[in-house]
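Structure record follows, encoded as structure tokens.
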2 protein chains.
Amino acid sequence: MKHFLLIAHKAVTCGDYSLNDMPGSAGRMDVLCRCVNTAFFLSHDLRRDVHVHLLLLGEPCPGRLVRFEGAHLRSLNPDERSSGALIKKALLREPSATESRSTPGVNTRTATLPELLGEFTEKSYGLVYLREDGEDLRETEDFVDDTVFILGDHTGVTEEEENLILGAGARLVSTGPLSLHADHCITLIHNELDRREGGKR
Amino acid sequence: MKHFLLIAHKAVTCGDYSLNDMPGSAGRMDVLCRCVNTAFFLSHDLRRDVHVHLLLLGEPCPGRLVRFEGAHLRSLNPDERSSGALIKKALLREPSATESRSTPGVNTRTATLPELLGEFTEKSYGLVYLREDGEDLRETEDFVDDTVFILGDHTGVTEEEENLILGAGARLVSTGPLSLHADHCITLIHNELDRREGGKR
């Protein structure tokens with residue numbers, strides 16, 4: 001399984017936002033929508049071996065997790081409004097520490113970054129943190145089957161979060177010479193993994 | 001200059017569509033919006049050395065070109081509605097064979113694929129057609145400075161169009177082992193060019 005963890009500092013944590021204003025009043029929810037798109041979509045197919053973990057840290061209830069599981073997803077289309085609507089449905093649930101399914105393949109609960117990192121570590125998942133000064137993605141050793149690629153939103157990752165991520169043993173990896181949007185990084189990660197799996201590297 | 005030509009068979013050619021229904025009544029306009037995003041956006045910056053040529057072939061006036069020039073673009077944000085609004089403004093103009101500027105960095109006129117290919121050839125632009133069975137993008141010789149990367153929409157490229165493209169001398173290039181959305185291909189092309197330009201290949 002391939003995992004992508006997105007840390008979204010401004011994304012609102014209540015589902016009363018308008019799909020017509022995701023970059024504004026929803027706290028750059030559009031960034032997360034594009035990440036969901038690139039994590040799952042192939043041409044006329046979905047990547048079923050992917051989990052996307054969206055950690056939303058905006059108001060009014062900072063610390064909500066919306067988790068997309070490729071194997072169970074239904075009703076996801078490539079446009080931003082489609083994933084935005086699924087996130088909205090998840091966030092319309094009452095915040096709870098107990099995970100519940102809001103729509104097929106989409107689950108939600110409350111969570112913090114330390115909790116998530118602890119859970120990944122407990123399951124022996126590999127951790128990779130995308131940063132411009134990391135090792136070149138094309139030159140890395142193969143990743144373990146369950147690897148979590150950790151990305152920041154448009155504001156990046158705070159120093160405190162970065163310390164937690166590196167403290168949990170994450171490898172630093174870079175996708176190339178320029179600083180890119182998170183969804184573009186996901187495309188590049190998938191392509192590298194596709195090539196290794198297809199023997200075309 | 002890097003050029004991306006998108007052939008959009010269903011995208012409507014009048015600007016009276018709703019930004020709330022770009023995948024539906026606007027004929028998968030969302031596909032084009034995502035291509036504009038990936039062609040231009042860096043993290044907190046725009047790629048100024050890019051032109052995007054959107055060839056719209058849907059009803060009611062098949063054969064309209066909307067051309068984005070990175071050097072002159074203003075008011076473009078990464079979300080789909082933002083580029084969708086700029087395309088809409090261009091299409092609200094009366095169709096004309098004479099190119100006119102609808103907003104800064106966005107121009108429009110009527111056009112056909114043979115006309116466009118003829119113009120590119122006349123200017124000695126390189127032509128690259130993205131197809132799964134092409135040469136691996138990572139293994140190609142360097143591209144000439146003005147290269148046009150030609151991509152189809154969600155319906156691909158018709159046999160007739162493909163014959164025109166190959167007849168114009170386009171090289172066949174593949175981005176990897178799986179068939180991807182056009183915007184994801186653009187990300188991969190940019191990354192390869194970024195690496196070559198940054199000496200990090």
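By order in the structure tokens, chains are A, B, ...; within a chain, residues start at 1; ligands start at 1, following the order shown.
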Among region 87-160 of chain A, which ones does DSSP place in strand (DSSP E), written as a PDB file with N, CA, C and O atoms, in the first residue's frame?
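The result, stored in out.pdb:
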ATOM      1  N   SER A 100     -15.202   6.608  11.755  1.00  0.00           N
ATOM      2  CA  SER A 100     -16.450   6.174  11.123  1.00  0.00           C
ATOM      3  C   SER A 100     -16.385   6.454   9.631  1.00  0.00           C
ATOM      4  O   SER A 100     -15.621   7.305   9.171  1.00  0.00           O
ATOM      5  N   ARG A 101     -17.177   5.717   8.883  1.00  0.00           N
ATOM      6  CA  ARG A 101     -17.201   5.834   7.423  1.00  0.00           C
ATOM      7  C   ARG A 101     -18.265   6.841   7.022  1.00  0.00           C
ATOM      8  O   ARG A 101     -19.444   6.667   7.352  1.00  0.00           O
ATOM      9  N   SER A 102     -17.882   7.882   6.308  1.00  0.00           N
ATOM     10  CA  SER A 102     -18.869   8.885   5.885  1.00  0.00           C
ATOM     11  C   SER A 102     -19.450   8.557   4.517  1.00  0.00           C
ATOM     12  O   SER A 102     -20.636   8.765   4.270  1.00  0.00           O
ATOM     13  N   THR A 103     -18.634   8.040   3.622  1.00  0.00           N
ATOM     14  CA  THR A 103     -19.070   7.550   2.311  1.00  0.00           C
ATOM     15  C   THR A 103     -18.153   6.370   1.984  1.00  0.00           C
ATOM     16  O   THR A 103     -17.106   6.203   2.634  1.00  0.00           O
ATOM     17  N   VAL A 106     -14.261   6.445   2.478  1.00  0.00           N
ATOM     18  CA  VAL A 106     -13.836   7.670   3.171  1.00  0.00           C
ATOM     19  C   VAL A 106     -14.205   7.562   4.650  1.00  0.00           C
ATOM     20  O   VAL A 106     -15.368   7.336   4.994  1.00  0.00           O
ATOM     21  N   ASN A 107     -13.192   7.692   5.504  1.00  0.00           N
ATOM     22  CA  ASN A 107     -13.365   7.553   6.947  1.00  0.00           C
ATOM     23  C   ASN A 107     -12.890   8.808   7.638  1.00  0.00           C
ATOM     24  O   ASN A 107     -12.017   9.505   7.135  1.00  0.00           O
ATOM     25  N   THR A 108     -13.430   9.038   8.828  1.00  0.00           N
ATOM     26  CA  THR A 108     -13.006  10.238   9.544  1.00  0.00           C
ATOM     27  C   THR A 108     -12.971  10.010  11.041  1.00  0.00           C
ATOM     28  O   THR A 108     -13.696   9.175  11.582  1.00  0.00           O
ATOM     29  N   ARG A 109     -12.082  10.751  11.679  1.00  0.00           N
ATOM     30  CA  ARG A 109     -11.971  10.778  13.132  1.00  0.00           C
ATOM     31  C   ARG A 109     -11.118  11.983  13.512  1.00  0.00           C
ATOM     32  O   ARG A 109     -10.598  12.673  12.639  1.00  0.00           O
ATOM     33  N   THR A 110     -10.969  12.223  14.789  1.00  0.00           N
ATOM     34  CA  THR A 110     -10.036  13.254  15.225  1.00  0.00           C
ATOM     35  C   THR A 110      -8.635  12.638  15.319  1.00  0.00           C
ATOM     36  O   THR A 110      -8.494  11.424  15.516  1.00  0.00           O
ATOM     37  N   GLY A 126       7.143   2.537   6.410  1.00  0.00           N
ATOM     38  CA  GLY A 126       8.249   3.441   6.108  1.00  0.00           C
ATOM     39  C   GLY A 126       7.738   4.875   6.078  1.00  0.00           C
ATOM     40  O   GLY A 126       6.590   5.123   5.734  1.00  0.00           O
ATOM     41  N   LEU A 127       8.586   5.812   6.471  1.00  0.00           N
ATOM     42  CA  LEU A 127       8.197   7.224   6.441  1.00  0.00           C
ATOM     43  C   LEU A 127       9.138   7.995   5.535  1.00  0.00           C
ATOM     44  O   LEU A 127      10.369   7.874   5.650  1.00  0.00           O
ATOM     45  N   VAL A 128       8.561   8.770   4.647  1.00  0.00           N
ATOM     46  CA  VAL A 128       9.349   9.600   3.744  1.00  0.00           C
ATOM     47  C   VAL A 128       8.804  11.024   3.815  1.00  0.00           C
ATOM     48  O   VAL A 128       7.599  11.241   3.677  1.00  0.00           O
ATOM     49  N   TYR A 129       9.692  11.965   4.056  1.00  0.00           N
ATOM     50  CA  TYR A 129       9.279  13.364   4.137  1.00  0.00           C
ATOM     51  C   TYR A 129       9.847  14.095   2.923  1.00  0.00           C
ATOM     52  O   TYR A 129      11.057  14.081   2.691  1.00  0.00           O
ATOM     53  N   LEU A 130       8.970  14.697   2.156  1.00  0.00           N
ATOM     54  CA  LEU A 130       9.385  15.371   0.928  1.00  0.00           C
ATOM     55  C   LEU A 130       9.914  16.760   1.254  1.00  0.00           C
ATOM     56  O   LEU A 130       9.183  17.598   1.800  1.00  0.00           O
ATOM     57  N   ARG A 131      11.176  16.992   0.935  1.00  0.00           N
ATOM     58  CA  ARG A 131      11.769  18.307   1.150  1.00  0.00           C
ATOM     59  C   ARG A 131      12.812  18.553   0.073  1.00  0.00           C
ATOM     60  O   ARG A 131      13.484  17.615  -0.367  1.00  0.00           O
ATOM     61  N   GLU A 132      12.954  19.808  -0.318  1.00  0.00           N
ATOM     62  CA  GLU A 132      13.796  20.139  -1.468  1.00  0.00           C
ATOM     63  C   GLU A 132      15.239  19.651  -1.317  1.00  0.00           C
ATOM     64  O   GLU A 132      15.893  19.365  -2.312  1.00  0.00           O
ATOM     65  N   ASP A 133      15.728  19.586  -0.092  1.00  0.00           N
ATOM     66  CA  ASP A 133      17.136  19.209   0.082  1.00  0.00           C
ATOM     67  C   ASP A 133      17.309  17.723   0.379  1.00  0.00           C
ATOM     68  O   ASP A 133      18.372  17.293   0.821  1.00  0.00           O
ATOM     69  N   GLY A 134      16.265  16.930   0.128  1.00  0.00           N
ATOM     70  CA  GLY A 134      16.371  15.492   0.382  1.00  0.00           C
ATOM     71  C   GLY A 134      17.115  14.766  -0.729  1.00  0.00           C
ATOM     72  O   GLY A 134      17.524  15.362  -1.737  1.00  0.00           O
ATOM     73  N   GLU A 135      17.246  13.451  -0.536  1.00  0.00           N
ATOM     74  CA  GLU A 135      17.878  12.603  -1.543  1.00  0.00           C
ATOM     75  C   GLU A 135      16.992  12.581  -2.792  1.00  0.00           C
ATOM     76  O   GLU A 135      15.764  12.594  -2.693  1.00  0.00           O
ATOM     77  N   ASP A 136      17.604  12.541  -3.950  1.00  0.00           N
ATOM     78  CA  ASP A 136      16.839  12.537  -5.204  1.00  0.00           C
ATOM     79  C   ASP A 136      15.945  11.292  -5.272  1.00  0.00           C
ATOM     80  O   ASP A 136      16.428  10.162  -5.164  1.00  0.00           O
ATOM     81  N   THR A 147       4.715   2.463   2.616  1.00  0.00           N
ATOM     82  CA  THR A 147       5.469   3.690   2.861  1.00  0.00           C
ATOM     83  C   THR A 147       4.509   4.871   2.865  1.00  0.00           C
ATOM     84  O   THR A 147       3.613   4.952   2.025  1.00  0.00           O
ATOM     85  N   VAL A 148       4.702   5.755   3.835  1.00  0.00           N
ATOM     86  CA  VAL A 148       3.893   6.969   3.936  1.00  0.00           C
ATOM     87  C   VAL A 148       4.731   8.144   3.445  1.00  0.00           C
ATOM     88  O   VAL A 148       5.783   8.440   4.016  1.00  0.00           O
ATOM     89  N   PHE A 149       4.278   8.793   2.390  1.00  0.00           N
ATOM     90  CA  PHE A 149       4.939   9.990   1.884  1.00  0.00           C
ATOM     91  C   PHE A 149       4.257  11.201   2.515  1.00  0.00           C
ATOM     92  O   PHE A 149       3.045  11.369   2.368  1.00  0.00           O
ATOM     93  N   ILE A 150       5.024  12.002   3.217  1.00  0.00           N
ATOM     94  CA  ILE A 150       4.472  13.099   4.016  1.00  0.00           C
ATOM     95  C   ILE A 150       4.725  14.431   3.329  1.00  0.00           C
ATOM     96  O   ILE A 150       5.876  14.763   2.987  1.00  0.00           O
ATOM     97  N   LEU A 151       3.647  15.175   3.122  1.00  0.00           N
ATOM     98  CA  LEU A 151       3.739  16.449   2.397  1.00  0.00           C
ATOM     99  C   LEU A 151       3.024  17.551   3.164  1.00  0.00           C
ATOM    100  O   LEU A 151       2.004  17.304   3.824  1.00  0.00           O
ATOM    101  N   GLY A 152       3.545  18.760   3.002  1.00  0.00           N
ATOM    102  CA  GLY A 152       2.872  19.909   3.584  1.00  0.00           C
ATOM    103  C   GLY A 152       1.917  20.543   2.590  1.00  0.00           C
ATOM    104  O   GLY A 152       1.903  20.182   1.405  1.00  0.00           O
TER     105      GLY A 152
END
Determine, for each residue of chain B having at least one atom at most 7 Å from an atom of chain A, the closest pair of atoms and their separation in Å to one decimal, counting only C-alpha atoms; order by chain and ascending number, as CSV.
residue,atom,partner,partner_atom,distance
B:Asp30,CA,A:Asp79,CA,6.1
B:Leu42,CA,A:Leu180,CA,5.0
B:Ser43,CA,A:Leu180,CA,4.6
B:Asp79,CA,A:Asp30,CA,6.1
B:Glu80,CA,A:Glu80,CA,7.0
B:Gly176,CA,A:Arg195,CA,6.4
B:Pro177,CA,A:Arg195,CA,6.3
B:Ser179,CA,A:Ser43,CA,5.5
B:Leu180,CA,A:Ser43,CA,4.7
B:His181,CA,A:Ser43,CA,5.2
B:His184,CA,A:Thr187,CA,6.1
B:Thr187,CA,A:His184,CA,6.1
B:Leu188,CA,A:Leu188,CA,6.5
B:Asn191,CA,A:Gly176,CA,6.6
B:Asp194,CA,A:Pro177,CA,6.6
B:Arg195,CA,A:Pro177,CA,6.3
B:Gly198,CA,A:Pro177,CA,6.4
Residue subset to file, keeping all heavy atoms, as a compact mmCIF listing (two decimals), in the first residue's frame:
# COMPACT_ATOMS: atom_id res chain seq x y z
N ASP B 30 -13.02 20.81 -16.88
CA ASP B 30 -12.13 20.60 -15.72
C ASP B 30 -10.79 19.99 -16.13
O ASP B 30 -9.76 20.27 -15.53
CB ASP B 30 -12.82 19.72 -14.66
CG ASP B 30 -13.18 18.33 -15.17
OD1 ASP B 30 -13.80 18.24 -16.27
OD2 ASP B 30 -12.84 17.34 -14.51
N LEU B 42 4.37 26.66 -9.98
CA LEU B 42 5.40 26.19 -9.07
C LEU B 42 4.91 26.57 -7.68
O LEU B 42 3.95 27.31 -7.52
CB LEU B 42 6.72 26.92 -9.35
CG LEU B 42 7.43 26.53 -10.64
CD1 LEU B 42 8.56 27.51 -10.93
CD2 LEU B 42 7.97 25.11 -10.52
N SER B 43 5.58 26.08 -6.66
CA SER B 43 5.24 26.49 -5.32
C SER B 43 5.51 28.00 -5.19
O SER B 43 6.65 28.44 -5.33
CB SER B 43 6.10 25.70 -4.33
OG SER B 43 5.73 26.01 -3.03
N ASP B 79 -6.69 26.86 -8.32
CA ASP B 79 -7.92 26.05 -8.33
C ASP B 79 -8.58 26.04 -9.70
O ASP B 79 -8.36 26.93 -10.52
CB ASP B 79 -8.90 26.58 -7.27
CG ASP B 79 -9.30 28.02 -7.51
OD1 ASP B 79 -8.42 28.88 -7.56
OD2 ASP B 79 -10.52 28.27 -7.68
N GLU B 80 -9.39 25.01 -9.93
CA GLU B 80 -10.01 24.82 -11.26
C GLU B 80 -10.90 25.99 -11.65
O GLU B 80 -10.98 26.35 -12.83
CB GLU B 80 -10.83 23.52 -11.27
CG GLU B 80 -9.96 22.28 -11.22
CD GLU B 80 -10.75 20.99 -11.03
OE1 GLU B 80 -11.99 21.02 -11.11
OE2 GLU B 80 -10.11 19.96 -10.77
N GLY B 176 5.81 6.96 -18.94
CA GLY B 176 5.98 5.86 -18.01
C GLY B 176 5.11 4.69 -18.37
O GLY B 176 4.43 4.71 -19.40
N PRO B 177 5.10 3.67 -17.51
CA PRO B 177 4.43 2.42 -17.88
C PRO B 177 2.90 2.47 -17.82
O PRO B 177 2.25 1.57 -18.34
CB PRO B 177 4.98 1.40 -16.88
CG PRO B 177 5.46 2.19 -15.72
CD PRO B 177 5.85 3.55 -16.25
N SER B 179 -0.98 4.54 -18.23
CA SER B 179 -1.67 5.59 -18.96
C SER B 179 -2.22 6.61 -17.95
O SER B 179 -2.95 6.25 -17.03
CB SER B 179 -2.80 4.97 -19.77
OG SER B 179 -3.47 5.93 -20.52
N LEU B 180 -1.84 7.88 -18.13
CA LEU B 180 -2.14 8.91 -17.13
C LEU B 180 -3.01 10.02 -17.70
O LEU B 180 -3.13 10.18 -18.91
CB LEU B 180 -0.83 9.53 -16.64
CG LEU B 180 0.22 8.59 -16.05
CD1 LEU B 180 1.46 9.38 -15.65
CD2 LEU B 180 -0.32 7.83 -14.84
N HIS B 181 -3.57 10.81 -16.80
CA HIS B 181 -4.28 12.02 -17.20
C HIS B 181 -3.28 13.01 -17.82
O HIS B 181 -2.10 13.03 -17.44
CB HIS B 181 -4.93 12.68 -15.99
CG HIS B 181 -6.15 11.97 -15.50
ND1 HIS B 181 -7.08 12.55 -14.67
CD2 HIS B 181 -6.64 10.72 -15.75
CE1 HIS B 181 -8.07 11.69 -14.42
NE2 HIS B 181 -7.80 10.59 -15.06
N HIS B 184 -1.22 15.11 -15.38
CA HIS B 184 -0.15 14.38 -14.71
C HIS B 184 1.06 14.22 -15.66
O HIS B 184 2.21 14.31 -15.22
CB HIS B 184 -0.65 13.02 -14.23
CG HIS B 184 -1.82 13.12 -13.28
ND1 HIS B 184 -2.63 12.07 -12.96
CD2 HIS B 184 -2.32 14.19 -12.60
CE1 HIS B 184 -3.57 12.48 -12.12
NE2 HIS B 184 -3.41 13.75 -11.89
N THR B 187 3.12 17.41 -15.54
CA THR B 187 4.01 17.45 -14.36
C THR B 187 5.30 16.66 -14.63
O THR B 187 6.40 17.11 -14.29
CB THR B 187 3.31 16.85 -13.13
OG1 THR B 187 2.14 17.62 -12.85
CG2 THR B 187 4.21 16.85 -11.91
N LEU B 188 5.15 15.50 -15.24
CA LEU B 188 6.32 14.65 -15.49
C LEU B 188 7.25 15.26 -16.54
O LEU B 188 8.48 15.19 -16.41
CB LEU B 188 5.86 13.25 -15.92
CG LEU B 188 5.07 12.49 -14.83
CD1 LEU B 188 4.42 11.24 -15.41
CD2 LEU B 188 5.99 12.12 -13.66
N ASN B 191 9.16 18.09 -14.86
CA ASN B 191 10.20 17.58 -13.96
C ASN B 191 11.43 17.13 -14.73
O ASN B 191 12.57 17.40 -14.34
CB ASN B 191 9.63 16.44 -13.10
CG ASN B 191 10.63 15.90 -12.08
OD1 ASN B 191 11.15 14.82 -12.22
ND2 ASN B 191 10.90 16.69 -11.04
N ASP B 194 13.11 20.27 -15.95
CA ASP B 194 13.73 20.95 -14.80
C ASP B 194 15.05 20.28 -14.44
O ASP B 194 16.05 20.95 -14.15
CB ASP B 194 12.81 20.88 -13.57
CG ASP B 194 11.55 21.72 -13.71
OD1 ASP B 194 11.51 22.60 -14.58
OD2 ASP B 194 10.60 21.47 -12.94
N ARG B 195 15.04 18.95 -14.44
CA ARG B 195 16.24 18.22 -14.08
C ARG B 195 17.35 18.46 -15.10
O ARG B 195 18.51 18.66 -14.74
CB ARG B 195 15.95 16.72 -13.99
CG ARG B 195 15.17 16.33 -12.75
CD ARG B 195 14.66 14.91 -12.83
NE ARG B 195 14.05 14.52 -11.57
CZ ARG B 195 14.69 13.94 -10.56
NH1 ARG B 195 15.97 13.67 -10.68
NH2 ARG B 195 14.06 13.63 -9.44
N GLY B 198 18.57 21.92 -14.64
CA GLY B 198 19.27 22.11 -13.37
C GLY B 198 20.47 21.20 -13.25
O GLY B 198 21.13 21.18 -12.21
Checklist line | Test item: residues at most 9 Å from Asp16 (chain B), only C-alpha atoms, excluding those fewer than 4 positions along its chain, as an NGL selection string | finding: :B and (26 or 88 or 91-92)
Could those selected residues go to a file with C-alpha atoms, as a CSV table (one decimal), in the first residue's frame?
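part.csv written:
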chain,number,residue,atom,x,y,z
B,26,ALA,CA,-19.0,22.5,-20.1
B,88,LYS,CA,-14.9,31.4,-19.9
B,91,LEU,CA,-15.0,32.1,-25.0
B,92,LEU,CA,-17.5,34.9,-24.3
Next item on the list: Report as an MDAnalysis selection string: the residues of region 45-188 of chain B with a DSSP assignment of alpha helix (DSSP H), based on the backbone of this structure.
Entry: chainID B and resid 80:91 113:122 159:167 182:188
Checklist line | 10 Å contact set for Phe68 (chain B), only C-alpha atoms, chain neighbours under 5 positions out, as an MDAnalysis selection string | finding: chainID B and resid 3:4 36 39:40 50:54 73 83 86:87 101 103:108
Item checked: All residues 6 Å or closer to Val12 (chain B), only C-alpha atoms, same chain fewer than 5 positions away omitted, as a VMD selection string -> chain B and resid 26 to 27 58 to 59
